[in-house]
Amino acid sequence: MDDLTTIYRATMHVFEKLGVKPMSFDEYKENFSLPYMNFWKQYFPDCDEEKIGQLFKEGLQLAGDTELHPGVKDVLKRLYDKGIKMAVMSSGSREKIIAEAERNGVLEYFKEINGSILDKKEAIEEILQRNDFQPEETIYVGDMVHDIEAGKKGGAVSVGISWNRKPREALKATNPDHLISNIAELEKLLGLT
C-alpha cells in the first residue's frame with residue numbers, strides 16, 4: 001500500500017493533539033523510523049503508548065483510504081498465479097490492512113496478514129515458522145530500514161524497495177541483499193520475467 005501520505009496525516013494529527021508543531025512532509029520522510037514507539041519517544045518522551053496509539057488510530061480514520069503503488073496488483077496476481085506464497089507483516093492496523101487489501105482486490109493473494117506489529121525484528125521468526133516458510137527461501141520486501149533489519153534477523157533474503165519513504169541511500173546503508181526501485185523489478189529478481 002502507498003500509505004505514506006495517510007501515515008503522515010495521522011502522525012501530524014498526533015502532533016497537533018499533543019501541542020507539537022507539525023513537521024513538513026519532507027521532514028517527516030527524513031525523520032520517521034520504526035519501531036513506532038522509538039519515533040514517538042523522540043517527540044513525546046513522557047506520553048504513554050496507549051494515548052499515542054489512540055490518537056494515531058483517530059488520525060488514521062480521518063486520513064482516509066490508501067491506494068496500491070502502481071503495478072502492485074498485477075505483480076501480486078502473477079506471483080500468486082505462479083504459486084508463490086505471500087504474507088504481510090506491517091506495523092499498521094491489521095483491520096485497516098485487511099480492509100484496504102480487500103478494497104484493492106488483493107486480499108486473496110495473501111496466506112496471512114499480520115498487523116499492529118510494534119517490532120518486526122521480534123515478529124519475523126514466529127511468522128516464518130507459523131507459515132512454514134524456510135528463511136533461505138523467503139524474500140522480505142520492505143521500504144523502511146527496520147524492514148531490512150527484520151528480514152536479515154529472520155534469515156530471509158532482504159529486498160529494499162525505494163519507492164517512497166526513505167531515500168534510496170538510507171536503505172542502501174543497511175546492506176539489503178537487493179535494492180529495487182519498483183515492484184516490477186521484484187519479478188525480474190525472482191526470474192519470473
# chains A, B, ... in the order shown; residues from 1 in each chain; ligands from 1
$ residues_around --residues "A:Met89" --least-positions-apart "3" --cutoff "9 Å" --atoms "only C-alpha atoms" --output "list of chain:residue names"
A:Gly92, A:Glu112, A:Ile113, A:Asn114, A:Gly115, A:Ser116, A:Ile117, A:Lys120, A:Ala123, A:Ile124, A:Ile127
$ write_last_selection --atoms "N, CA and C atoms" --output "JSON list (two decimals), in the first residue's frame"
[["chain", "number", "residue", "atom", "x", "y", "z"],
["A", 92, "GLY", "N", 1.12, -1.29, 10.67],
["A", 92, "GLY", "CA", -0.20, -0.69, 10.56],
["A", 92, "GLY", "C", -1.27, -1.61, 11.14],
["A", 112, "GLU", "N", -1.49, -14.90, 4.82],
["A", 112, "GLU", "CA", -1.70, -14.37, 6.16],
["A", 112, "GLU", "C", -1.41, -12.87, 6.15],
["A", 113, "ILE", "N", -2.18, -12.13, 6.93],
["A", 113, "ILE", "CA", -1.92, -10.69, 7.09],
["A", 113, "ILE", "C", -1.69, -10.43, 8.57],
["A", 114, "ASN", "N", -0.52, -9.88, 8.86],
["A", 114, "ASN", "CA", -0.14, -9.55, 10.23],
["A", 114, "ASN", "C", -0.03, -8.04, 10.35],
["A", 115, "GLY", "N", -0.70, -7.49, 11.33],
["A", 115, "GLY", "CA", -0.65, -6.05, 11.52],
["A", 115, "GLY", "C", -0.47, -5.69, 12.97],
["A", 116, "SER", "N", -0.34, -4.40, 13.21],
["A", 116, "SER", "CA", -0.14, -3.87, 14.56],
["A", 116, "SER", "C", 1.11, -4.45, 15.20],
["A", 117, "ILE", "N", 2.12, -4.71, 14.39],
["A", 117, "ILE", "CA", 3.38, -5.25, 14.90],
["A", 117, "ILE", "C", 4.27, -4.08, 15.29],
["A", 120, "LYS", "N", 9.08, -5.47, 14.11],
["A", 120, "LYS", "CA", 9.11, -6.54, 13.11],
["A", 120, "LYS", "C", 10.27, -7.50, 13.33],
["A", 123, "ALA", "N", 8.99, -10.19, 15.48],
["A", 123, "ALA", "CA", 7.86, -10.98, 14.97],
["A", 123, "ALA", "C", 8.21, -11.91, 13.81],
["A", 124, "ILE", "N", 9.28, -11.63, 13.10],
["A", 124, "ILE", "CA", 9.51, -12.35, 11.84],
["A", 124, "ILE", "C", 9.69, -13.85, 12.02],
["A", 127, "ILE", "N", 6.37, -15.61, 12.45],
["A", 127, "ILE", "CA", 5.58, -15.60, 11.21],
["A", 127, "ILE", "C", 6.14, -16.61, 10.21]]
$ residues_around --residues "stretch 105-109 of chain A" --least-positions-apart "6" --cutoff "12 Å" --atoms "only C-alpha atoms" --output "VMD selection string"
chain A and resid 1 67 to 68 72 to 88 95 to 99
$ residues_around --residues "A:Ser158" --least-positions-apart "4" --cutoff "7 Å" --atoms "only C-alpha atoms" --output "list in words"
Ile139, Tyr140, Val141, Ile148, Gly151, Lys152, Pro176, Asp177 and His178 of chain A
$ closest_residue --among "A:Arg130, A:Lys188, A:Ile183, A:Ala173" --to "A:Met144" --atoms "only C-alpha atoms"
A:Ala173
$ closest_atom_pairs --of "stretch 113-168 of chain A" --to "stretch 20-35 of chain A" --cutoff "12 Å" --atoms "only C-alpha atoms" --output "tab-separated table"
residue	atom	partner	partner_atom	distance
A:Ser116	CA	A:Pro35	CA	10.8
A:Ile117	CA	A:Pro35	CA	8.7
A:Leu118	CA	A:Pro35	CA	5.7
A:Asp119	CA	A:Pro35	CA	5.4
A:Lys120	CA	A:Pro35	CA	7.7
A:Lys121	CA	A:Pro35	CA	9.2
A:Glu122	CA	A:Pro35	CA	10.5
A:Ala123	CA	A:Pro35	CA	11.9
A:Gly142	CA	A:Leu34	CA	11.9
A:Asp143	CA	A:Ser33	CA	10.9
A:Met144	CA	A:Ser33	CA	7.5
A:Val145	CA	A:Ser33	CA	7.6
A:His146	CA	A:Leu34	CA	5.8
A:Asp147	CA	A:Leu34	CA	8.5
A:Ile148	CA	A:Leu34	CA	11.2
A:Glu149	CA	A:Leu34	CA	10.5
A:Ala150	CA	A:Leu34	CA	10.7
A:Trp163	CA	A:Lys29	CA	11.8
A:Asn164	CA	A:Lys29	CA	8.3
A:Arg165	CA	A:Lys29	CA	5.6
A:Lys166	CA	A:Lys29	CA	6.2
A:Pro167	CA	A:Glu30	CA	7.9
A:Arg168	CA	A:Glu30	CA	11.5
$ residues_around --residues "stretch 60-65 of chain A" --least-positions-apart "3" --cutoff "6 Å" --atoms "only C-alpha atoms" --output "list in words"
Thr6, Arg9, Ala10 and Lys57 of chain A
$ select_by_dssp --residues "chain A" --states "helix (DSSP H, G or I)" --output "number ranges by chain"
A: 4-17, 25-31, 36-43, 49-63, 72-81, 94-103, 107-109, 120-130, 135-137, 145-153, 168-172, 184-189
$ closest_residue --among "A:Lys111, A:Ser93, A:Gln129, A:Val14" --to "A:Phe44" --atoms "only C-alpha atoms"
A:Val14
$ select_by_dssp --residues "chain A" --states "strand (DSSP E)" --output "number ranges by chain"
A: 87-89, 112-114, 139-142, 157-161, 178-180
$ closest_residue --among "A:Leu18, A:Pro70, A:Thr138, A:Gly160" --to "A:Asp46" --atoms "only C-alpha atoms"
A:Leu18
$ decode --residues "stretch 116-161 of chain A" --atoms "N, CA and C atoms" --output "JSON list (two decimals), in the first residue's frame"
[["chain", "number", "residue", "atom", "x", "y", "z"],
["A", 116, "SER", "N", -0.34, -4.40, 13.21],
["A", 116, "SER", "CA", -0.14, -3.87, 14.56],
["A", 116, "SER", "C", 1.11, -4.45, 15.20],
["A", 117, "ILE", "N", 2.12, -4.71, 14.39],
["A", 117, "ILE", "CA", 3.38, -5.25, 14.90],
["A", 117, "ILE", "C", 4.27, -4.08, 15.29],
["A", 118, "LEU", "N", 4.61, -4.04, 16.55],
["A", 118, "LEU", "CA", 5.43, -2.94, 17.05],
["A", 118, "LEU", "C", 6.89, -3.08, 16.65],
["A", 119, "ASP", "N", 7.41, -4.30, 16.66],
["A", 119, "ASP", "CA", 8.81, -4.52, 16.30],
["A", 119, "ASP", "C", 8.90, -5.73, 15.38],
["A", 120, "LYS", "N", 9.08, -5.47, 14.11],
["A", 120, "LYS", "CA", 9.11, -6.54, 13.11],
["A", 120, "LYS", "C", 10.27, -7.50, 13.33],
["A", 121, "LYS", "N", 11.36, -7.02, 13.90],
["A", 121, "LYS", "CA", 12.50, -7.89, 14.17],
["A", 121, "LYS", "C", 12.14, -8.97, 15.19],
["A", 122, "GLU", "N", 11.20, -8.65, 16.06],
["A", 122, "GLU", "CA", 10.76, -9.63, 17.06],
["A", 122, "GLU", "C", 9.72, -10.59, 16.49],
["A", 123, "ALA", "N", 8.99, -10.19, 15.48],
["A", 123, "ALA", "CA", 7.86, -10.98, 14.97],
["A", 123, "ALA", "C", 8.21, -11.91, 13.81],
["A", 124, "ILE", "N", 9.28, -11.63, 13.10],
["A", 124, "ILE", "CA", 9.51, -12.35, 11.84],
["A", 124, "ILE", "C", 9.69, -13.85, 12.02],
["A", 125, "GLU", "N", 10.44, -14.27, 13.02],
["A", 125, "GLU", "CA", 10.69, -15.70, 13.17],
["A", 125, "GLU", "C", 9.40, -16.48, 13.42],
["A", 126, "GLU", "N", 8.51, -15.92, 14.23],
["A", 126, "GLU", "CA", 7.23, -16.57, 14.51],
["A", 126, "GLU", "C", 6.38, -16.67, 13.24],
["A", 127, "ILE", "N", 6.37, -15.61, 12.45],
["A", 127, "ILE", "CA", 5.58, -15.60, 11.21],
["A", 127, "ILE", "C", 6.14, -16.61, 10.21],
["A", 128, "LEU", "N", 7.45, -16.67, 10.09],
["A", 128, "LEU", "CA", 8.07, -17.65, 9.20],
["A", 128, "LEU", "C", 7.71, -19.07, 9.62],
["A", 129, "GLN", "N", 7.83, -19.34, 10.92],
["A", 129, "GLN", "CA", 7.53, -20.67, 11.44],
["A", 129, "GLN", "C", 6.06, -21.03, 11.25],
["A", 130, "ARG", "N", 5.18, -20.11, 11.60],
["A", 130, "ARG", "CA", 3.74, -20.38, 11.52],
["A", 130, "ARG", "C", 3.30, -20.69, 10.08],
["A", 131, "ASN", "N", 3.94, -20.06, 9.10],
["A", 131, "ASN", "CA", 3.58, -20.26, 7.70],
["A", 131, "ASN", "C", 4.43, -21.31, 7.01],
["A", 132, "ASP", "N", 5.31, -21.94, 7.76],
["A", 132, "ASP", "CA", 6.23, -22.95, 7.22],
["A", 132, "ASP", "C", 7.06, -22.40, 6.06],
["A", 133, "PHE", "N", 7.49, -21.13, 6.22],
["A", 133, "PHE", "CA", 8.38, -20.50, 5.24],
["A", 133, "PHE", "C", 9.81, -20.79, 5.67],
["A", 134, "GLN", "N", 10.61, -21.34, 4.78],
["A", 134, "GLN", "CA", 12.02, -21.56, 5.06],
["A", 134, "GLN", "C", 12.75, -20.23, 4.87],
["A", 135, "PRO", "N", 13.47, -19.76, 5.87],
["A", 135, "PRO", "CA", 14.10, -18.43, 5.77],
["A", 135, "PRO", "C", 14.93, -18.25, 4.50],
["A", 136, "GLU", "N", 15.71, -19.26, 4.15],
["A", 136, "GLU", "CA", 16.59, -19.13, 2.97],
["A", 136, "GLU", "C", 15.81, -19.11, 1.65],
["A", 137, "GLU", "N", 14.53, -19.47, 1.70],
["A", 137, "GLU", "CA", 13.67, -19.43, 0.51],
["A", 137, "GLU", "C", 12.68, -18.27, 0.57],
["A", 138, "THR", "N", 12.82, -17.42, 1.58],
["A", 138, "THR", "CA", 11.89, -16.33, 1.80],
["A", 138, "THR", "C", 12.52, -15.00, 1.41],
["A", 139, "ILE", "N", 11.73, -14.20, 0.72],
["A", 139, "ILE", "CA", 12.16, -12.84, 0.36],
["A", 139, "ILE", "C", 11.31, -11.88, 1.17],
["A", 140, "TYR", "N", 11.98, -11.01, 1.89],
["A", 140, "TYR", "CA", 11.30, -9.99, 2.70],
["A", 140, "TYR", "C", 11.49, -8.66, 1.98],
["A", 141, "VAL", "N", 10.39, -8.09, 1.50],
["A", 141, "VAL", "CA", 10.43, -6.83, 0.77],
["A", 141, "VAL", "C", 9.92, -5.72, 1.68],
["A", 142, "GLY", "N", 10.69, -4.64, 1.81],
["A", 142, "GLY", "CA", 10.26, -3.55, 2.65],
["A", 142, "GLY", "C", 10.84, -2.22, 2.21],
["A", 143, "ASP", "N", 10.17, -1.13, 2.63],
["A", 143, "ASP", "CA", 10.61, 0.20, 2.22],
["A", 143, "ASP", "C", 11.17, 1.02, 3.38],
["A", 144, "MET", "N", 11.41, 0.35, 4.50],
["A", 144, "MET", "CA", 11.96, 1.03, 5.68],
["A", 144, "MET", "C", 13.22, 0.31, 6.14],
["A", 145, "VAL", "N", 14.11, 1.05, 6.78],
["A", 145, "VAL", "CA", 15.33, 0.48, 7.34],
["A", 145, "VAL", "C", 14.98, -0.69, 8.26],
["A", 146, "HIS", "N", 13.95, -0.51, 9.09],
["A", 146, "HIS", "CA", 13.54, -1.56, 10.02],
["A", 146, "HIS", "C", 13.12, -2.83, 9.28],
["A", 147, "ASP", "N", 12.55, -2.70, 8.10],
["A", 147, "ASP", "CA", 12.18, -3.87, 7.30],
["A", 147, "ASP", "C", 13.41, -4.69, 6.92],
["A", 148, "ILE", "N", 14.44, -4.00, 6.47],
["A", 148, "ILE", "CA", 15.67, -4.70, 6.06],
["A", 148, "ILE", "C", 16.28, -5.40, 7.27],
["A", 149, "GLU", "N", 16.30, -4.71, 8.39],
["A", 149, "GLU", "CA", 16.84, -5.31, 9.62],
["A", 149, "GLU", "C", 16.04, -6.53, 10.03],
["A", 150, "ALA", "N", 14.72, -6.46, 9.91],
["A", 150, "ALA", "CA", 13.85, -7.60, 10.27],
["A", 150, "ALA", "C", 14.10, -8.78, 9.34],
["A", 151, "GLY", "N", 14.17, -8.51, 8.04],
["A", 151, "GLY", "CA", 14.43, -9.59, 7.09],
["A", 151, "GLY", "C", 15.74, -10.30, 7.38],
["A", 152, "LYS", "N", 16.77, -9.52, 7.66],
["A", 152, "LYS", "CA", 18.08, -10.11, 7.98],
["A", 152, "LYS", "C", 18.01, -10.93, 9.26],
["A", 153, "LYS", "N", 17.34, -10.42, 10.28],
["A", 153, "LYS", "CA", 17.25, -11.14, 11.56],
["A", 153, "LYS", "C", 16.56, -12.48, 11.36],
["A", 154, "GLY", "N", 15.56, -12.51, 10.48],
["A", 154, "GLY", "CA", 14.84, -13.76, 10.24],
["A", 154, "GLY", "C", 15.56, -14.70, 9.29],
["A", 155, "GLY", "N", 16.69, -14.27, 8.73],
["A", 155, "GLY", "CA", 17.44, -15.12, 7.80],
["A", 155, "GLY", "C", 16.89, -15.11, 6.39],
["A", 156, "ALA", "N", 15.96, -14.21, 6.10],
["A", 156, "ALA", "CA", 15.37, -14.11, 4.76],
["A", 156, "ALA", "C", 16.27, -13.28, 3.85],
["A", 157, "VAL", "N", 16.03, -13.40, 2.56],
["A", 157, "VAL", "CA", 16.68, -12.52, 1.59],
["A", 157, "VAL", "C", 16.00, -11.17, 1.73],
["A", 158, "SER", "N", 16.78, -10.13, 2.00],
["A", 158, "SER", "CA", 16.19, -8.81, 2.21],
["A", 158, "SER", "C", 16.21, -8.00, 0.92],
["A", 159, "VAL", "N", 15.04, -7.41, 0.61],
["A", 159, "VAL", "CA", 14.91, -6.58, -0.58],
["A", 159, "VAL", "C", 14.36, -5.23, -0.16],
["A", 160, "GLY", "N", 15.15, -4.20, -0.37],
["A", 160, "GLY", "CA", 14.70, -2.85, -0.09],
["A", 160, "GLY", "C", 14.05, -2.27, -1.34],
["A", 161, "ILE", "N", 12.89, -1.66, -1.16],
["A", 161, "ILE", "CA", 12.22, -1.01, -2.29],
["A", 161, "ILE", "C", 12.11, 0.47, -1.96]]
